[in-house]
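A.B. asks: Structure: work.cif, mmCIF, C-alpha atoms.
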data_coords
loop_
_atom_site.label_atom_id
_atom_site.label_comp_id
_atom_site.auth_asym_id
_atom_site.auth_seq_id
_atom_site.Cartn_x
_atom_site.Cartn_y
_atom_site.Cartn_z
CA MET A 1 0.00 0.00 0.00
CA SER A 2 1.32 3.43 -0.92
CA THR A 3 1.83 5.89 1.89
CA SER A 4 -0.13 8.31 -0.27
CA GLY A 5 -3.30 6.36 0.37
CA PHE A 6 -3.56 5.19 -3.25
CA GLU A 7 -3.44 1.43 -3.54
CA PRO A 8 -2.07 0.15 -6.87
CA PRO A 9 -4.47 -2.27 -8.59
CA THR A 10 -3.73 -5.95 -8.81
CA SER A 11 -0.89 -6.61 -11.24
CA CYS A 12 -1.68 -7.70 -14.77
CA MET A 13 1.28 -10.08 -14.75
CA SER A 14 0.90 -13.38 -16.55
CA SER A 15 0.72 -16.28 -14.14
CA LYS A 16 2.08 -18.65 -16.76
CA ARG A 17 5.64 -17.33 -16.61
CA SER A 18 8.24 -18.77 -14.27
CA PRO A 19 10.43 -16.47 -12.23
CA PRO A 20 14.03 -16.12 -13.41
CA GLU A 21 16.94 -16.94 -11.16
CA LEU A 22 17.21 -14.70 -8.13
CA ARG A 23 20.71 -13.73 -9.22
CA ALA A 24 18.97 -10.53 -10.34
CA ARG A 25 19.09 -9.49 -6.70
CA LYS A 26 22.88 -9.23 -6.90
CA GLY A 27 22.71 -6.37 -9.39
CA ASN A 28 23.13 -2.71 -8.55
CA ILE A 29 21.03 0.07 -10.01
CA VAL A 30 22.50 3.56 -10.25
CA ASN A 31 19.63 5.98 -9.80
CA THR A 32 20.00 9.62 -10.74
CA SER A 33 16.58 10.72 -9.44
CA ASN A 34 16.56 9.34 -5.88
CA HIS A 35 14.20 6.55 -6.90
CA LYS A 36 13.97 4.66 -3.61
CA SER A 37 12.38 1.34 -4.51
CA ASN A 38 14.49 -1.79 -4.86
CA PHE A 39 13.90 -2.22 -8.54
CA VAL A 40 16.04 -5.32 -8.97
CA ASP A 41 14.16 -7.25 -6.27
CA TYR A 42 11.00 -6.25 -7.99
CA LEU A 43 12.09 -7.22 -11.48
CA SER A 44 13.51 -10.54 -10.33
CA ILE A 45 9.93 -11.81 -10.08
CA ILE A 46 9.55 -12.25 -13.85
CA TYR A 47 11.43 -9.61 -15.79
CA TYR A 48 15.14 -10.24 -15.31
CA ASN A 49 15.85 -11.49 -18.83
CA LEU A 50 13.96 -8.69 -20.51
CA TYR A 51 15.41 -6.09 -18.19
CA MET A 52 18.96 -7.13 -19.02
CA GLU A 53 18.20 -6.21 -22.63
CA ILE A 54 17.61 -2.62 -21.50
CA GLU A 55 21.17 -1.34 -21.48
CA ASN A 56 20.73 1.97 -19.68
CA LYS A 57 19.77 1.55 -16.03
CA ASN A 58 19.78 5.23 -15.06
CA ILE A 59 16.78 7.50 -14.88
CA ILE A 60 17.39 10.19 -17.51
CA LEU A 61 15.16 13.21 -16.97
CA LYS A 62 16.85 15.17 -19.73
CA SER A 63 19.74 14.73 -22.10
CA ASN A 64 22.49 17.30 -22.55
CA LEU A 65 24.43 16.29 -25.63
CA LYS A 66 27.43 18.34 -26.72
CA SER A 67 27.85 16.70 -30.13
CA PHE A 68 24.79 18.23 -31.80
CA PRO A 69 22.53 21.26 -31.22
CA LEU A 70 19.29 20.82 -29.29
CA ILE A 71 16.24 21.84 -31.33
CA ASN A 72 13.48 21.18 -28.86
CA ARG A 73 12.79 19.60 -25.48
CA GLY A 74 9.24 18.24 -25.48
CA LYS A 75 7.20 16.57 -22.77
CA VAL A 76 9.21 13.35 -23.12
CA ARG A 77 11.60 13.63 -26.08
CA ASP A 78 14.68 15.73 -26.73
CA LEU A 79 15.28 16.55 -30.39
CA TYR A 80 18.75 17.23 -31.84
CA ASP A 81 19.77 18.46 -35.29
CA LEU A 82 22.09 16.01 -37.09
CA GLY A 83 22.18 18.04 -40.29
CA ASP A 84 20.37 15.90 -42.84
CA ASN A 85 18.57 13.92 -40.11
CA LEU A 86 17.29 14.30 -36.55
CA LEU A 87 18.16 12.49 -33.33
CA ILE A 88 15.30 11.71 -30.97
CA VAL A 89 16.27 10.92 -27.37
CA SER A 90 13.39 9.47 -25.34
CA SER A 91 13.85 10.53 -21.74
CA ASP A 92 12.29 8.95 -18.66
CA ARG A 93 10.06 11.99 -18.10
CA ILE A 94 6.36 11.32 -17.80
CA SER A 95 3.53 13.73 -18.43
CA ALA A 96 -0.08 13.67 -17.31
CA TYR A 97 -2.84 16.14 -18.14
CA ASP A 98 -0.32 17.97 -20.36
CA ALA A 99 2.06 18.62 -17.45
CA VAL A 100 5.52 17.08 -17.03
CA LEU A 101 5.91 15.49 -13.61
CA PRO A 102 9.13 15.95 -11.64
CA SER A 103 9.51 12.19 -11.17
CA GLY A 104 11.17 9.92 -13.71
CA ILE A 105 10.05 6.41 -14.63
CA LEU A 106 12.96 3.97 -14.79
CA ALA A 107 13.45 2.32 -18.24
CA LYS A 108 10.60 4.32 -19.79
CA GLY A 109 12.70 5.84 -22.57
CA GLU A 110 14.01 2.45 -23.60
CA VAL A 111 10.52 0.93 -23.64
CA LEU A 112 9.11 3.74 -25.80
CA THR A 113 12.00 3.43 -28.24
CA LYS A 114 11.82 -0.36 -28.54
CA LEU A 115 8.04 -0.38 -28.96
CA SER A 116 8.03 2.43 -31.52
CA LYS A 117 10.69 0.67 -33.56
CA PHE A 118 8.63 -2.54 -33.42
CA TRP A 119 5.42 -0.84 -34.61
CA PHE A 120 7.20 1.20 -37.28
CA SER A 121 8.38 -2.08 -38.78
CA LEU A 122 5.00 -3.80 -38.47
CA THR A 123 3.03 -0.97 -40.10
CA GLN A 124 5.38 0.20 -42.85
CA ASP A 125 3.28 -1.64 -45.42
CA ILE A 126 0.50 0.87 -44.64
CA VAL A 127 2.57 4.05 -44.47
CA GLN A 128 6.26 4.89 -44.47
CA ASN A 129 7.73 6.39 -41.30
CA HIS A 130 10.62 8.52 -40.18
CA PHE A 131 12.71 5.77 -38.54
CA ILE A 132 16.23 5.26 -39.94
CA THR A 133 18.22 3.43 -37.26
CA GLU A 134 18.59 2.98 -33.52
CA LYS A 135 22.34 2.35 -33.94
CA VAL A 136 23.09 6.00 -33.47
CA ASN A 137 26.77 5.61 -32.57
CA GLU A 138 27.50 3.63 -35.74
CA MET A 139 26.00 6.34 -37.90
CA TYR A 140 27.37 9.21 -35.79
CA PRO A 141 30.62 8.13 -34.03
CA SER A 142 30.91 11.54 -32.34
CA LEU A 143 28.18 10.32 -29.96
CA ASN A 144 30.41 7.55 -28.58
CA ASP A 145 31.45 9.70 -25.62
CA GLU A 146 27.79 10.40 -24.77
CA MET A 147 26.36 6.92 -25.08
CA ASP A 148 25.29 6.92 -21.43
CA GLN A 149 22.62 9.43 -22.46
CA VAL A 150 21.49 7.88 -25.74
CA MET A 151 22.04 4.12 -25.54
CA ALA A 152 18.82 2.14 -26.19
CA ARG A 153 16.63 5.26 -25.91
CA SER A 154 17.45 7.04 -29.16
CA MET A 155 16.80 6.81 -32.87
CA VAL A 156 17.96 8.63 -35.98
CA VAL A 157 14.97 9.79 -38.02
CA LYS A 158 14.16 11.65 -41.22
CA LYS A 159 13.37 15.32 -41.09
CA ALA A 160 9.71 16.07 -41.74
CA LYS A 161 7.32 18.98 -41.18
CA PRO A 162 4.89 17.85 -38.44
CA LEU A 163 1.19 18.34 -39.10
CA PRO A 164 -0.36 20.63 -36.45
CA ILE A 165 -2.90 18.00 -35.36
CA GLU A 166 -2.91 14.78 -33.37
CA CYS A 167 -4.66 11.85 -35.00
CA ILE A 168 -6.61 9.91 -32.39
CA VAL A 169 -8.37 6.64 -33.11
CA ARG A 170 -10.84 5.17 -30.62
CA GLY A 171 -11.91 1.55 -30.72
CA TYR A 172 -13.63 1.57 -27.33
CA ILE A 173 -15.50 4.33 -25.52
CA THR A 174 -13.47 5.54 -22.57
CA GLY A 175 -11.65 8.57 -21.18
CA SER A 176 -12.71 11.99 -22.47
CA GLY A 177 -14.81 10.29 -25.16
CA TRP A 178 -16.90 8.54 -22.51
CA SER A 179 -17.31 11.79 -20.56
CA GLU A 180 -18.61 13.61 -23.64
CA TYR A 181 -20.87 10.73 -24.68
CA LYS A 182 -22.59 10.64 -21.26
CA LYS A 183 -23.46 14.33 -21.60
CA GLN A 184 -24.55 14.57 -25.23
CA GLY A 185 -24.26 11.22 -26.98
CA THR A 186 -21.31 12.30 -29.11
CA VAL A 187 -17.52 11.93 -29.22
CA CYS A 188 -15.75 14.92 -30.76
CA GLY A 189 -19.01 15.84 -32.40
CA LEU A 190 -19.61 12.39 -33.87
CA LYS A 191 -23.06 11.09 -33.00
CA LEU A 192 -22.89 7.54 -31.65
CA LYS A 193 -25.71 5.07 -31.11
CA GLU A 194 -27.65 5.27 -27.87
CA GLY A 195 -27.14 2.95 -24.94
CA LEU A 196 -23.36 2.51 -25.00
CA ILE A 197 -21.75 1.66 -21.66
CA GLU A 198 -18.30 2.58 -20.36
CA SER A 199 -15.41 0.73 -22.09
CA GLU A 200 -17.74 -0.81 -24.67
CA LYS A 201 -16.18 -1.76 -28.01
CA LEU A 202 -17.38 0.42 -30.87
CA GLU A 203 -18.81 -1.21 -33.99
CA GLU A 204 -16.06 0.48 -36.01
CA PRO A 205 -13.07 2.55 -34.86
CA ILE A 206 -13.61 6.29 -35.07
CA PHE A 207 -11.19 9.10 -35.96
CA THR A 208 -11.28 11.97 -33.45
CA PRO A 209 -8.46 14.48 -34.07
CA SER A 210 -7.22 17.09 -31.63
CA THR A 211 -5.11 20.21 -31.68
CA LYS A 212 -1.45 19.90 -30.78
CA ALA A 213 -0.92 22.21 -27.81
CA GLU A 214 2.33 23.72 -26.62
CA GLN A 215 3.85 22.22 -23.48
CA GLY A 216 1.85 23.23 -20.43
CA GLU A 217 -1.29 23.87 -22.47
CA HIS A 218 -4.10 21.41 -23.12
CA ASP A 219 -4.86 19.63 -26.39
CA GLU A 220 -8.39 20.29 -27.61
CA ASN A 221 -10.62 17.72 -29.28
CA ILE A 222 -11.83 19.02 -32.63
CA SER A 223 -14.31 17.92 -35.29
CA PHE A 224 -13.18 16.42 -38.57
CA GLU A 225 -14.43 19.59 -40.26
CA LYS A 226 -12.14 21.70 -38.08
CA CYS A 227 -9.28 19.30 -38.80
CA SER A 228 -9.89 19.81 -42.53
CA GLU A 229 -9.75 23.58 -42.05
CA ILE A 230 -6.37 23.27 -40.32
CA VAL A 231 -4.54 20.88 -42.68
CA GLY A 232 -6.73 20.86 -45.78
CA GLU A 233 -9.41 18.40 -46.81
CA GLU A 234 -7.12 16.13 -48.84
CA ILE A 235 -4.57 15.69 -46.06
CA ALA A 236 -7.30 15.32 -43.42
CA ASN A 237 -8.90 12.46 -45.35
CA LYS A 238 -5.51 10.85 -45.96
CA VAL A 239 -4.41 10.84 -42.31
CA LYS A 240 -7.87 9.67 -41.23
CA ASP A 241 -7.62 6.63 -43.50
CA LEU A 242 -4.01 5.96 -42.50
CA SER A 243 -4.77 6.28 -38.79
CA ILE A 244 -7.69 3.85 -38.90
CA GLY A 245 -5.66 1.46 -41.05
CA ILE A 246 -2.69 1.45 -38.66
CA TYR A 247 -4.94 1.12 -35.62
CA SER A 248 -6.89 -1.77 -37.12
CA LYS A 249 -3.75 -3.76 -37.94
CA ALA A 250 -2.21 -3.06 -34.53
CA ARG A 251 -5.49 -3.85 -32.74
CA ASP A 252 -5.74 -7.29 -34.37
CA TYR A 253 -2.08 -8.08 -33.68
CA ALA A 254 -2.24 -6.94 -30.05
CA GLU A 255 -5.41 -8.90 -29.38
CA SER A 256 -3.59 -12.05 -30.51
CA LYS A 257 -1.10 -11.25 -27.72
CA GLY A 258 -3.81 -10.76 -25.10
CA ILE A 259 -3.98 -6.97 -25.24
CA LEU A 260 -6.85 -4.70 -26.27
CA ILE A 261 -5.87 -1.32 -27.71
CA ALA A 262 -8.69 0.93 -26.55
CA ASP A 263 -7.43 4.04 -28.30
CA THR A 264 -4.22 5.58 -29.54
CA LYS A 265 -2.68 8.73 -30.95
CA PHE A 266 -0.63 9.12 -34.13
CA GLU A 267 1.37 12.01 -35.52
CA PHE A 268 2.22 12.55 -39.16
CA GLY A 269 4.67 14.76 -41.02
CA LEU A 270 5.38 15.92 -44.55
CA LEU A 271 8.64 15.25 -46.36
CA ASP A 272 9.96 17.88 -48.79
CA SER A 273 8.49 15.72 -51.56
CA GLY A 274 5.02 16.16 -50.04
CA GLU A 275 4.81 12.52 -48.92
CA ILE A 276 2.97 11.95 -45.63
CA ILE A 277 4.89 9.76 -43.18
CA LEU A 278 4.32 8.51 -39.64
CA ILE A 279 6.51 10.32 -37.08
CA ASP A 280 7.19 10.73 -33.35
CA GLU A 281 6.23 7.62 -31.33
CA VAL A 282 3.68 4.99 -32.22
CA LEU A 283 1.47 2.71 -30.11
CA THR A 284 3.34 3.11 -26.82
CA PRO A 285 1.96 3.18 -23.26
CA ASP A 286 2.35 6.97 -23.43
CA SER A 287 0.18 7.37 -26.51
CA SER A 288 -2.28 4.46 -26.15
CA ARG A 289 -4.57 2.68 -23.74
CA PHE A 290 -3.60 -0.99 -23.45
CA TRP A 291 -6.02 -3.26 -21.58
CA PRO A 292 -5.44 -6.92 -20.61
CA LYS A 293 -7.95 -8.90 -22.66
CA SER A 294 -8.40 -11.53 -19.96
CA LEU A 295 -9.64 -8.90 -17.47
CA TYR A 296 -11.79 -6.86 -19.84
CA GLU A 297 -15.40 -6.27 -18.90
CA ALA A 298 -17.54 -3.53 -20.40
CA GLY A 299 -19.46 -1.30 -18.01
CA ARG A 300 -16.54 -0.13 -15.88
CA GLY A 301 -13.03 1.29 -16.02
CA GLN A 302 -10.30 -1.17 -16.98
CA GLN A 303 -6.95 -2.21 -15.62
CA SER A 304 -4.25 -1.15 -18.03
CA TYR A 305 -0.60 -1.30 -19.02
CA ASP A 306 -0.26 2.43 -19.64
CA LYS A 307 0.02 5.77 -17.89
CA GLN A 308 -3.66 5.81 -16.97
CA PHE A 309 -2.32 4.32 -13.73
CA VAL A 310 -0.44 7.58 -13.08
CA ARG A 311 -3.48 9.68 -13.98
CA ASP A 312 -5.60 7.65 -11.56
CA TYR A 313 -3.09 8.26 -8.77
CA LEU A 314 -3.02 12.02 -9.45
CA THR A 315 -6.81 12.09 -9.37
CA SER A 316 -6.84 10.16 -6.10
CA ILE A 317 -4.74 12.82 -4.33
CA GLY A 318 -6.92 15.65 -5.63
CA TRP A 319 -4.32 17.37 -7.83
CA ASP A 320 -6.00 20.28 -9.64
CA LYS A 321 -3.93 19.72 -12.82
CA LYS A 322 -2.18 23.05 -12.35
CA PRO A 323 1.59 23.51 -11.85
CA PRO A 324 3.57 22.56 -9.97
CA ALA A 325 2.93 18.88 -10.67
CA PRO A 326 3.44 16.58 -7.66
CA GLU A 327 6.19 14.02 -7.17
CA LEU A 328 5.19 10.38 -7.61
CA PRO A 329 5.75 8.04 -4.65
CA SER A 330 8.31 5.32 -5.33
CA ASP A 331 5.70 2.56 -5.37
CA ILE A 332 3.69 4.36 -8.07
CA SER A 333 6.83 4.97 -10.17
CA THR A 334 7.91 1.35 -9.79
CA LYS A 335 4.49 0.00 -10.68
CA THR A 336 4.43 2.21 -13.77
CA THR A 337 7.77 0.82 -14.89
CA GLU A 338 6.41 -2.69 -14.39
CA LYS A 339 3.42 -1.99 -16.60
CA TYR A 340 5.54 -0.47 -19.38
CA ILE A 341 8.01 -3.34 -19.39
CA GLU A 342 5.32 -6.00 -19.29
CA VAL A 343 3.44 -4.58 -22.27
CA LEU A 344 6.72 -4.42 -24.21
CA ASP A 345 7.35 -8.07 -23.35
CA LEU A 346 3.83 -9.19 -24.27
CA LEU A 347 3.78 -7.36 -27.61
CA THR A 348 7.27 -8.14 -28.86
CA SER A 349 8.12 -11.58 -27.43
#
Could I get this file's structure written as structure tokens?
C.D. replies:
Amino acid sequence: MSTSGFEPPTSCMSSKRSPPELRARKGNIVNTSNHKSNFVDYLSIIYYNLYMEIENKNIILKSNLKSFPLINRGKVRDLYDLGDNLLIVSSDRISAYDAVLPSGILAKGEVLTKLSKFWFSLTQDIVQNHFITEKVNEMYPSLNDEMDQVMARSMVVKKAKPLPIECIVRGYITGSGWSEYKKQGTVCGLKLKEGLIESEKLEEPIFTPSTKAEQGEHDENISFEKCSEIVGEEIANKVKDLSIGIYSKARDYAESKGILIADTKFEFGLLDSGEIILIDEVLTPDSSRFWPKSLYEAGRGQQSYDKQFVRDYLTSIGWDKKPPAPELPSDISTKTTEKYIEVLDLLTS
């Protein structure tokens, strides 16, 4: 039980896996953010082998590379200019309600990078993406002296002009969509059939775009008509079709692994040629709701493998969603890491 009064829900761990050898307990974790929990003891339950694949065992709240100029520091990612390409460094920062929390989540950057790479590969038959390589030191040897900041959490990507919208696809009714539906029977202005219950699967996935707010501001759900005004009707229709296509393929794959993808967010960019490509991250616990299929039951909120767990904790302590954001207790941070690593394991093993 957390000292905060918030009790983490029962773990979604698979009971079919056998614990690895307890030699994991002999390891030492260097922690740069005063993360107090004994993470190795915790991971020795079932995650030792997977964890040893995650090379960087420090919490990285922000990178400070000397080799290349910093372009932007977002909610989670730091972006560097490589000349012809870009370097994306996924930190261990976590955001909730459009605010960056002061606490880091161990191994988060590595999980986001590994999962995005996996999904980029799986969906490239639908749309090309910006991924070039995760072997950043081979392509840019000048980074060798800074590998402690980039190892396993970075990728070299193509330069593209981001579209000023976020492309959200919902396959189940939950979150802000459920809140709107209860009031007026719509989600982002789309009229849905009457009588839906919380977490119910929709007959077909729906496209519900939003604005892309600056850090510290809130994204705003918008209608498809407004989306068309912002990016043009042709591009709006294209990213709608691409988003639903990517979601549908990922949904079917994930369900075969025991995971329901309730909703997700995509971002697209334009190359100089005018080609639309998939950018940023894709189908991670930061940008998606992942529910364990075996525990799913419509009519209530669901257990999940994503940062909804952090949102639920922040709600439980009565945070008003205004800065400064609160620190996360060590048990909440540790549990979040567990969820991120387990969903990576389930999807990619």
A.B. asks: Which is closer to A:Leu192 than all the others in A:Tyr172, A:Phe68, A:Trp291, A:Tyr296, using only C-alpha atoms?
C.D. replies: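 Of A:Tyr172, A:Phe68, A:Trp291, A:Tyr296, the one nearest A:Leu192, counting only C-alpha atoms, is A:Tyr172.
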A.B. asks: Quick check on the file I pasted: which residues fall under the PyMOL selection byres ((chain A and resi 126) around 9)? Write them as a PyMOL selection string.
C.D. replies: chain A and resi 122-125+127-128+242+245-246
A.B. asks: Please evaluate the PyMOL selection byres ((chain A and resi 306) around 7) against the structure above and give the resulting residues as JSON, numbers by chain.
C.D. replies: {"A": [285, 286, 289, 290, 304, 305, 307, 308, 309, 339, 340]}
A.B. asks: Give me the residues of stretch 59-129 of chain A that have any atom at most 7 Å from an atom of stretch 150-158 of chain A; for each, the nearest atom pair and the distance in Å, rounded to one decimal. Use all atoms listed in the file, sort by chain and number, and format it as a Markdown table.
C.D. replies:
| residue | atom | partner | partner_atom | distance |
| --- | --- | --- | --- | --- |
| A:Asn85 | CA | A:Lys158 | CA | 5.1 |
| A:Leu86 | CA | A:Val157 | CA | 5.3 |
| A:Leu87 | CA | A:Val156 | CA | 4.7 |
| A:Ile88 | CA | A:Ser154 | CA | 5.5 |
| A:Val89 | CA | A:Ser154 | CA | 4.4 |
| A:Ser90 | CA | A:Arg153 | CA | 5.3 |
| A:Gly109 | CA | A:Arg153 | CA | 5.2 |
| A:Glu110 | CA | A:Arg153 | CA | 4.5 |
| A:Thr113 | CA | A:Arg153 | CA | 5.5 |
A.B. asks: Nearest residue to A:Cys167 out of A:Ser223, A:Asn137, A:Ser116, A:Gln184, using all atoms listed in the file?
C.D. replies: A:Ser223
A.B. asks: Go through A:Leu82, A:Leu344, A:Val76, A:Ile222 and flag the residue nearest A:Val100, using all atoms listed in the file for the distances.
C.D. replies: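 Residue with the minimum atom-to-atom distance to A:Val100: A:Val76.
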A.B. asks: Go ahead and compute the interatomic distance for atom CA of A:Thr211 and atom CA of A:Lys161, in Å to one decimal.
C.D. replies: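 Answer for the atom CA of A:Thr211 to atom CA of A:Lys161 separation: 15.7 Å.
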A.B. asks: Smallest atom-to-atom distance to A:Thr315: which of A:His130, A:Tyr97, A:Asp78, A:Cys227, using only C-alpha atoms?
C.D. replies: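 Answer, going by the shortest atom-to-atom distance: A:Tyr97.
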A.B. asks: Neighbouring residues of A:Arg300 were defined as those with any atom within 7 Å, considering only C-alpha atoms; residues of the same chain fewer than 2 positions away were excluded. Please report them as a VMD selection string.
C.D. replies: chain A and resid 198 to 199 297 to 298 302
A.B. asks: One number please: atom CA of A:Leu278 to atom CA of A:Glu166, in Å, one decimal.
C.D. replies: 11.4 Å
A.B. asks: Could stretch 160-171 of chain A be completed with N, CA and C atoms and returned as a PDB file, keeping the file's coordinate frame?
C.D. replies:
ATOM      1  N   ALA A 160      11.029  15.889 -41.140  1.00  0.00           N
ATOM      2  CA  ALA A 160       9.710  16.070 -41.740  1.00  0.00           C
ATOM      3  C   ALA A 160       9.031  17.254 -41.057  1.00  0.00           C
ATOM      4  N   LYS A 161       8.097  17.885 -41.756  1.00  0.00           N
ATOM      5  CA  LYS A 161       7.320  18.980 -41.180  1.00  0.00           C
ATOM      6  C   LYS A 161       6.096  18.399 -40.493  1.00  0.00           C
ATOM      7  N   PRO A 162       6.037  18.460 -39.146  1.00  0.00           N
ATOM      8  CA  PRO A 162       4.890  17.850 -38.440  1.00  0.00           C
ATOM      9  C   PRO A 162       3.579  18.543 -38.786  1.00  0.00           C
ATOM     10  N   LEU A 163       2.523  17.761 -38.953  1.00  0.00           N
ATOM     11  CA  LEU A 163       1.190  18.340 -39.100  1.00  0.00           C
ATOM     12  C   LEU A 163       0.731  18.877 -37.750  1.00  0.00           C
ATOM     13  N   PRO A 164       0.029  19.998 -37.726  1.00  0.00           N
ATOM     14  CA  PRO A 164      -0.360  20.630 -36.450  1.00  0.00           C
ATOM     15  C   PRO A 164      -1.600  20.018 -35.810  1.00  0.00           C
ATOM     16  N   ILE A 165      -1.777  18.710 -35.975  1.00  0.00           N
ATOM     17  CA  ILE A 165      -2.900  18.000 -35.360  1.00  0.00           C
ATOM     18  C   ILE A 165      -2.402  16.682 -34.795  1.00  0.00           C
ATOM     19  N   GLU A 166      -3.154  16.133 -33.853  1.00  0.00           N
ATOM     20  CA  GLU A 166      -2.910  14.780 -33.370  1.00  0.00           C
ATOM     21  C   GLU A 166      -4.051  13.902 -33.866  1.00  0.00           C
ATOM     22  N   CYS A 167      -3.694  12.741 -34.369  1.00  0.00           N
ATOM     23  CA  CYS A 167      -4.660  11.850 -35.000  1.00  0.00           C
ATOM     24  C   CYS A 167      -5.024  10.728 -34.034  1.00  0.00           C
ATOM     25  N   ILE A 168      -6.177  10.851 -33.422  1.00  0.00           N
ATOM     26  CA  ILE A 168      -6.610   9.910 -32.390  1.00  0.00           C
ATOM     27  C   ILE A 168      -7.630   8.947 -32.970  1.00  0.00           C
ATOM     28  N   VAL A 169      -7.426   7.669 -32.696  1.00  0.00           N
ATOM     29  CA  VAL A 169      -8.370   6.640 -33.110  1.00  0.00           C
ATOM     30  C   VAL A 169      -8.891   5.950 -31.855  1.00  0.00           C
ATOM     31  N   ARG A 170     -10.208   5.805 -31.767  1.00  0.00           N
ATOM     32  CA  ARG A 170     -10.840   5.170 -30.620  1.00  0.00           C
ATOM     33  C   ARG A 170     -11.578   3.908 -31.071  1.00  0.00           C
ATOM     34  N   GLY A 171     -11.235   2.797 -30.427  1.00  0.00           N
ATOM     35  CA  GLY A 171     -11.910   1.550 -30.720  1.00  0.00           C
ATOM     36  C   GLY A 171     -12.889   1.157 -29.636  1.00  0.00           C
TER      37      GLY A 171
END
